[in-house]
$ cat query.pdb   # PDB, C-alpha atoms
ATOM      1  CA  MET V   1      27.373  20.720 -19.149
ATOM      2  CA  SER V   2      26.719  24.380 -18.331
ATOM      3  CA  LYS V   3      24.356  25.401 -15.552
ATOM      4  CA  ARG V   4      22.220  27.269 -18.109
ATOM      5  CA  LEU V   5      21.810  24.101 -20.242
ATOM      6  CA  VAL V   6      20.917  22.013 -17.206
ATOM      7  CA  THR V   7      18.242  24.551 -16.260
ATOM      8  CA  ALA V   8      16.851  24.536 -19.808
ATOM      9  CA  LEU V   9      16.688  20.748 -19.925
ATOM     10  CA  THR V  10      14.998  20.587 -16.526
ATOM     11  CA  LEU V  11      12.388  23.110 -17.641
ATOM     12  CA  ALA V  12      11.778  21.183 -20.863
ATOM     13  CA  VAL V  13      11.291  17.907 -19.018
ATOM     14  CA  SER V  14       8.963  19.544 -16.503
ATOM     15  CA  THR V  15       6.941  21.214 -19.235
ATOM     16  CA  PHE V  16       6.672  17.967 -21.225
ATOM     17  CA  GLY V  17       5.548  16.104 -18.126
ATOM     18  CA  LEU V  18       2.789  18.615 -17.457
ATOM     19  CA  ALA V  19       1.660  18.466 -21.070
ATOM     20  CA  ALA V  20       1.571  14.670 -21.008
ATOM     21  CA  TRP V  21      -0.463  14.716 -17.808
ATOM     22  CA  ALA V  22      -2.879  17.237 -19.294
ATOM     23  CA  ASP V  23      -3.410  14.903 -22.275
ATOM     24  CA  GLY V  24      -4.588  11.977 -20.118
ATOM     25  CA  GLU V  25      -7.511   9.692 -20.863
ATOM     26  CA  THR V  26     -10.809  11.228 -21.874
ATOM     27  CA  ALA V  27     -13.747  10.700 -19.537
ATOM     28  CA  GLY V  28     -16.387   8.418 -21.021
ATOM     29  CA  ASP V  29     -14.008   6.674 -23.415
ATOM     30  CA  PHE V  30     -13.916   2.994 -22.395
ATOM     31  CA  ASP V  31     -15.197  -0.415 -23.493
ATOM     32  CA  TYR V  32     -16.722  -2.063 -20.423
ATOM     33  CA  TYR V  33     -16.834  -2.086 -16.640
ATOM     34  CA  VAL V  34     -15.199  -4.340 -14.079
ATOM     35  CA  LEU V  35     -17.220  -4.747 -10.911
ATOM     36  CA  SER V  36     -14.722  -5.503  -8.151
ATOM     37  CA  LEU V  37     -15.927  -7.132  -4.927
ATOM     38  CA  SER V  38     -13.383  -7.266  -2.134
ATOM     39  CA  TRP V  39     -13.447  -9.813   0.702
ATOM     40  CA  SER V  40     -13.353  -7.406   3.645
ATOM     41  CA  PRO V  41     -11.505  -9.716   6.105
ATOM     42  CA  THR V  42      -8.623 -10.032   3.619
ATOM     43  CA  TRP V  43      -8.356  -6.283   3.079
ATOM     44  CA  CYS V  44      -8.488  -5.666   6.819
ATOM     45  CA  ALA V  45      -5.818  -8.274   7.559
ATOM     46  CA  LEU V  46      -3.437  -6.944   4.908
ATOM     47  CA  GLU V  47      -4.151  -3.202   5.014
ATOM     48  CA  GLY V  48      -7.177  -1.995   6.922
ATOM     49  CA  ASP V  49      -6.238  -3.042  10.466
ATOM     50  CA  ALA V  50      -2.919  -1.209  10.188
ATOM     51  CA  ARG V  51      -4.816   1.918   9.135
ATOM     52  CA  ASN V  52      -7.363   1.547  11.948
ATOM     53  CA  SER V  53     -10.065   1.651   9.280
ATOM     54  CA  PRO V  54     -13.604   1.743  10.689
ATOM     55  CA  GLN V  55     -14.497  -0.772   7.973
ATOM     56  CA  CYS V  56     -12.681  -3.399  10.003
ATOM     57  CA  ASP V  57     -14.869  -2.797  13.058
ATOM     58  CA  ARG V  58     -17.835  -4.165  11.109
ATOM     59  CA  GLU V  59     -18.646  -7.745  10.177
ATOM     60  CA  LEU V  60     -18.557  -7.314   6.415
ATOM     61  CA  GLY V  61     -18.069  -9.902   3.705
ATOM     62  CA  TRP V  62     -18.015  -8.920   0.032
ATOM     63  CA  VAL V  63     -17.830  -5.138  -0.178
ATOM     64  CA  LEU V  64     -17.809  -3.005  -3.287
ATOM     65  CA  HIS V  65     -14.220  -2.160  -4.099
ATOM     66  CA  GLY V  66     -15.207  -0.297  -7.229
ATOM     67  CA  LEU V  67     -16.808  -0.143 -10.645
ATOM     68  CA  TRP V  68     -13.931   0.385 -13.051
ATOM     69  CA  PRO V  69     -14.136   1.604 -16.647
ATOM     70  CA  GLN V  70     -11.950  -0.724 -18.695
ATOM     71  CA  TYR V  71     -10.439  -0.921 -22.171
ATOM     72  CA  GLU V  72     -10.213  -4.220 -24.007
ATOM     73  CA  ASP V  73      -6.534  -3.964 -23.041
ATOM     74  CA  GLY V  74      -5.742  -1.797 -20.053
ATOM     75  CA  TRP V  75      -7.831   0.832 -18.287
ATOM     76  CA  PRO V  76      -8.128   4.592 -17.845
ATOM     77  CA  SER V  77      -7.594   6.262 -14.481
ATOM     78  CA  TYR V  78      -7.595   9.746 -12.978
ATOM     79  CA  CYS V  79      -9.383  11.070 -16.050
ATOM     80  CA  HIS V  80     -10.003  14.755 -16.612
ATOM     81  CA  SER V  81     -13.685  15.518 -16.238
ATOM     82  CA  PRO V  82     -15.581  18.807 -15.945
ATOM     83  CA  VAL V  83     -18.239  17.303 -13.673
ATOM     84  CA  ARG V  84     -18.448  18.218 -10.000
ATOM     85  CA  ASP V  85     -16.980  15.823  -7.429
ATOM     86  CA  PRO V  86     -19.407  14.095  -5.041
ATOM     87  CA  SER V  87     -20.289  15.749  -1.762
ATOM     88  CA  ARG V  88     -19.438  14.244   1.612
ATOM     89  CA  SER V  89     -23.033  13.150   2.054
ATOM     90  CA  GLN V  90     -22.974  11.386  -1.313
ATOM     91  CA  THR V  91     -19.836   9.390  -0.515
ATOM     92  CA  ALA V  92     -21.028   8.730   3.048
ATOM     93  CA  ALA V  93     -24.176   7.164   1.595
ATOM     94  CA  MET V  94     -21.967   4.437   0.050
ATOM     95  CA  GLU V  95     -20.508   3.283   3.378
ATOM     96  CA  ASP V  96     -22.977   0.427   3.689
ATOM     97  CA  ILE V  97     -21.580  -1.360   0.634
ATOM     98  CA  MET V  98     -18.078   0.156   0.380
ATOM     99  CA  GLY V  99     -17.005   0.140   4.006
ATOM    100  CA  THR V 100     -16.116   3.817   4.321
ATOM    101  CA  ALA V 101     -16.885   7.146   2.693
ATOM    102  CA  GLY V 102     -13.167   7.501   1.993
ATOM    103  CA  ALA V 103     -13.240   4.384  -0.168
ATOM    104  CA  ALA V 104     -16.100   5.835  -2.204
ATOM    105  CA  TRP V 105     -14.239   9.120  -2.679
ATOM    106  CA  TYR V 106     -11.044   7.385  -3.776
ATOM    107  CA  GLN V 107     -12.880   5.189  -6.269
ATOM    108  CA  TRP V 108     -14.601   8.227  -7.752
ATOM    109  CA  LYS V 109     -11.318  10.092  -8.062
ATOM    110  CA  LYS V 110      -9.424   7.235  -9.698
ATOM    111  CA  HIS V 111     -12.152   5.480 -11.702
ATOM    112  CA  GLY V 112     -15.491   7.265 -11.483
ATOM    113  CA  ARG V 113     -14.376  10.369 -13.328
ATOM    114  CA  CYS V 114     -13.450   8.122 -16.258
ATOM    115  CA  SER V 115     -17.062   6.975 -16.616
ATOM    116  CA  GLY V 116     -18.145  10.316 -18.042
ATOM    117  CA  LEU V 117     -21.102  10.300 -15.634
ATOM    118  CA  GLU V 118     -22.132  12.823 -13.024
ATOM    119  CA  ALA V 119     -20.947  11.816  -9.555
ATOM    120  CA  GLN V 120     -24.351  10.698  -8.262
ATOM    121  CA  GLU V 121     -25.057   8.829 -11.500
ATOM    122  CA  TYR V 122     -21.798   6.911 -11.116
ATOM    123  CA  LEU V 123     -22.430   6.114  -7.457
ATOM    124  CA  ASP V 124     -25.951   4.955  -8.285
ATOM    125  CA  LEU V 125     -24.631   2.799 -11.120
ATOM    126  CA  SER V 126     -22.023   1.310  -8.793
ATOM    127  CA  ARG V 127     -24.714   0.381  -6.289
ATOM    128  CA  ALA V 128     -26.885  -1.094  -9.040
ATOM    129  CA  ALA V 129     -23.959  -3.223 -10.265
ATOM    130  CA  TYR V 130     -23.241  -4.413  -6.714
ATOM    131  CA  GLU V 131     -26.876  -5.358  -6.187
ATOM    132  CA  LYS V 132     -27.143  -7.088  -9.557
ATOM    133  CA  ILE V 133     -24.529  -9.714  -8.665
ATOM    134  CA  LYS V 134     -25.686 -12.102  -5.940
ATOM    135  CA  ARG V 135     -23.140 -13.057  -3.279
ATOM    136  CA  PRO V 136     -23.206 -16.693  -2.101
ATOM    137  CA  SER V 137     -24.715 -16.759   1.374
ATOM    138  CA  ALA V 138     -22.493 -19.666   2.443
ATOM    139  CA  PHE V 139     -19.505 -17.329   2.761
ATOM    140  CA  MET V 140     -21.358 -15.254   5.344
ATOM    141  CA  LYS V 141     -21.707 -18.238   7.702
ATOM    142  CA  LEU V 142     -18.195 -19.656   7.938
ATOM    143  CA  PRO V 143     -17.649 -21.447  11.263
ATOM    144  CA  HIS V 144     -13.941 -20.597  11.108
ATOM    145  CA  ASP V 145     -11.191 -19.650   8.683
ATOM    146  CA  ILE V 146     -10.951 -22.114   5.802
ATOM    147  CA  LYS V 147      -8.625 -22.808   2.889
ATOM    148  CA  VAL V 148     -10.255 -23.355  -0.488
ATOM    149  CA  PRO V 149      -9.332 -23.499  -4.175
ATOM    150  CA  ALA V 150      -9.967 -20.116  -5.760
ATOM    151  CA  SER V 151     -11.978 -21.970  -8.399
ATOM    152  CA  VAL V 152     -14.530 -22.909  -5.730
ATOM    153  CA  ILE V 153     -15.227 -19.228  -5.072
ATOM    154  CA  GLU V 154     -15.729 -18.623  -8.787
ATOM    155  CA  GLU V 155     -18.050 -21.615  -9.130
ATOM    156  CA  ALA V 156     -20.105 -20.491  -6.138
ATOM    157  CA  PHE V 157     -20.714 -17.104  -7.726
ATOM    158  CA  MET V 158     -21.687 -18.691 -11.036
ATOM    159  CA  ASN V 159     -24.081 -21.039  -9.252
ATOM    160  CA  VAL V 160     -26.068 -18.185  -7.692
ATOM    161  CA  ASN V 161     -25.906 -15.910 -10.749
ATOM    162  CA  GLU V 162     -27.718 -17.648 -13.578
ATOM    163  CA  GLY V 163     -26.048 -17.160 -16.955
ATOM    164  CA  LEU V 164     -22.732 -15.917 -15.545
ATOM    165  CA  ASP V 165     -19.946 -17.653 -17.490
ATOM    166  CA  ALA V 166     -16.374 -18.446 -16.465
ATOM    167  CA  ASN V 167     -14.983 -15.964 -18.994
ATOM    168  CA  GLU V 168     -17.024 -13.172 -17.385
ATOM    169  CA  ILE V 169     -15.732 -13.554 -13.829
ATOM    170  CA  THR V 170     -12.330 -13.906 -12.208
ATOM    171  CA  VAL V 171     -11.032 -14.414  -8.663
ATOM    172  CA  THR V 172      -7.841 -12.767  -7.444
ATOM    173  CA  CYS V 173      -5.602 -13.682  -4.524
ATOM    174  CA  LYS V 174      -3.100 -11.742  -2.457
ATOM    175  CA  ASP V 175      -0.625 -13.074   0.087
ATOM    176  CA  TYR V 176      -2.150 -16.562  -0.294
ATOM    177  CA  ARG V 177      -5.627 -15.253   0.562
ATOM    178  CA  ILE V 178      -8.825 -14.847  -1.433
ATOM    179  CA  GLN V 179      -8.770 -11.157  -2.300
ATOM    180  CA  GLU V 180     -11.459 -10.176  -4.810
ATOM    181  CA  VAL V 181     -14.123 -11.368  -7.201
ATOM    182  CA  ARG V 182     -14.315  -9.336 -10.417
ATOM    183  CA  VAL V 183     -17.193  -9.442 -12.876
ATOM    184  CA  CYS V 184     -16.978  -7.873 -16.318
ATOM    185  CA  MET V 185     -20.065  -5.932 -17.354
ATOM    186  CA  THR V 186     -21.359  -3.873 -20.255
ATOM    187  CA  PRO V 187     -22.225  -0.197 -19.670
ATOM    188  CA  ASP V 188     -25.798  -1.498 -19.182
ATOM    189  CA  LEU V 189     -24.519  -3.828 -16.433
ATOM    190  CA  GLU V 190     -24.963  -7.074 -18.335
ATOM    191  CA  PRO V 191     -22.180  -9.669 -17.827
ATOM    192  CA  ARG V 192     -19.766  -9.851 -20.746
ATOM    193  CA  LYS V 193     -16.478 -11.494 -21.657
ATOM    194  CA  CYS V 194     -13.462 -10.047 -19.862
ATOM    195  CA  GLY V 195     -10.378  -8.754 -21.631
ATOM    196  CA  GLN V 196      -7.254 -10.894 -21.535
ATOM    197  CA  ASP V 197      -5.574  -8.598 -19.016
ATOM    198  CA  THR V 198      -8.523  -8.999 -16.629
ATOM    199  CA  ILE V 199      -9.364 -12.701 -16.798
ATOM    200  CA  ARG V 200      -6.269 -13.889 -14.926
ATOM    201  CA  ASP V 201      -7.672 -16.291 -12.371
ATOM    202  CA  CYS V 202      -5.944 -17.090  -9.110
ATOM    203  CA  THR V 203      -4.695 -20.664  -9.373
ATOM    204  CA  LEU V 204      -4.209 -21.375  -5.671
ATOM    205  CA  THR V 205      -5.788 -24.556  -4.396
ATOM    206  CA  ASP V 206      -5.477 -23.617  -0.726
ATOM    207  CA  ALA V 207      -6.225 -19.893  -0.532
ATOM    208  CA  LEU V 208      -7.228 -18.597   2.890
ATOM    209  CA  LEU V 209     -10.801 -17.368   3.240
ATOM    210  CA  GLN V 210     -10.872 -15.696   6.619
ATOM    211  CA  ASP V 211     -14.013 -15.723   8.752
ATOM    212  CA  ILE V 212     -15.973 -12.458   8.970
ATOM    213  CA  GLU V 213     -15.639 -12.149  12.759
TER     214      GLU V 213
END

$ encode --input "query.pdb" --output "structure tokens"
Amino acid sequence: MSKRLVTALTLAVSTFGLAAWADGETAGDFDYYVLSLSWSPTWCALEGDARNSPQCDRELGWVLHGLWPQYEDGWPSYCHSPVRDPSRSQTAAMEDIMGTAGAAWYQWKKHGRCSGLEAQEYLDLSRAAYEKIKRPSAFMKLPHDIKVPASVIEEAFMNVNEGLDANEITVTCKDYRIQEVRVCMTPDLEPRKCGQDTIRDCTLTDALLQDIE
């Protein structure tokens, strides 16, 4: 193959790749939200401690991982949006429920832009979703690390959130630990049935739930 042809093919591939990227998902085009609550001790043990994240210096339980626009099958990410990104003060204001300002910025960049909302509107909606779902107080008072069926975590959330059904919530695990609780919600933040790609429950019967200390 001639050097000229190789150059032409490389340029064509590069141009096509840029065009495909420019034609990514449209902001505001989605079916529902997934509210993702992360168990902070798990994230710190698997990732945060190695990063020296200030989140792991605090005694946090369920923190807001994100509010994710979702399709019935799949999800958009890194959408193209004309709205202005949040300021440092806006992301810093989310530290109390997200652990760090950096987490809030990353979630906006990957998921928030896809909501079609202004940055502050999205952050406010994320906080409202977090506050709407009650977190079982028993998990905040563990005497030590315990191992539990993931189904127990799901049942505990349903017990303290009246009307929340099993097909509207799922629990995920990572490295044999309880990782996240995810609740599917309408754009108005009412619980709704999850898509099939979301409702994949952890089936472990002895998942580690690490103490908050």

$ closest_residue --input "query.pdb" --among "V:Ala92, V:Val83, V:Leu64, V:Leu35" --to "Glu190 of chain V" --atoms "all atoms listed in the file"
V:Leu35

$ atom_distance --input "query.pdb" --atom1 "atom CA of Thr205 of chain V" --atom2 "atom CA of Glu47 of chain V"
23.4 Å

$ resolve_selection --input "query.pdb" --expression "the PyMOL selection byres ((chain V and resi 183) around 12)" --output "ChimeraX atom specification"
/V:32-38,64-68,70,129-130,132-135,154,157-158,161,164-172,180-182,184-186,189-195,198-201

$ atom_distance --input "query.pdb" --atom1 "atom CA of Trp75 of chain V" --atom2 "atom CA of Asp197 of chain V"
9.7 Å

$ closest_residue --input "query.pdb" --among "V:Val63, V:Ala50, V:Cys173, V:Leu209" --to "Ala138 of chain V" --atoms "all atoms listed in the file"
V:Leu209

$ closest_residue --input "query.pdb" --among "V:Met98, V:Leu117, V:Ala128, V:Cys202" --to "Pro54 of chain V" --atoms "only C-alpha atoms"
V:Met98

$ residues_around --input "query.pdb" --residues "Glu118 of chain V" --least-positions-apart "6" --cutoff "10 Å" --atoms "all atoms listed in the file" --output "mmCIF file with C-alpha atoms, in the coordinates of the input"
data_model
loop_
_atom_site.group_PDB
_atom_site.id
_atom_site.type_symbol
_atom_site.label_atom_id
_atom_site.label_comp_id
_atom_site.auth_asym_id
_atom_site.auth_seq_id
_atom_site.Cartn_x
_atom_site.Cartn_y
_atom_site.Cartn_z
ATOM 1 C CA SER V 81 -13.685 15.518 -16.238
ATOM 2 C CA PRO V 82 -15.581 18.807 -15.945
ATOM 3 C CA VAL V 83 -18.239 17.303 -13.673
ATOM 4 C CA ARG V 84 -18.448 18.218 -10.000
ATOM 5 C CA ASP V 85 -16.980 15.823 -7.429
ATOM 6 C CA PRO V 86 -19.407 14.095 -5.041
ATOM 7 C CA GLY V 112 -15.491 7.265 -11.483
ATOM 8 C CA ASP V 124 -25.951 4.955 -8.285
#
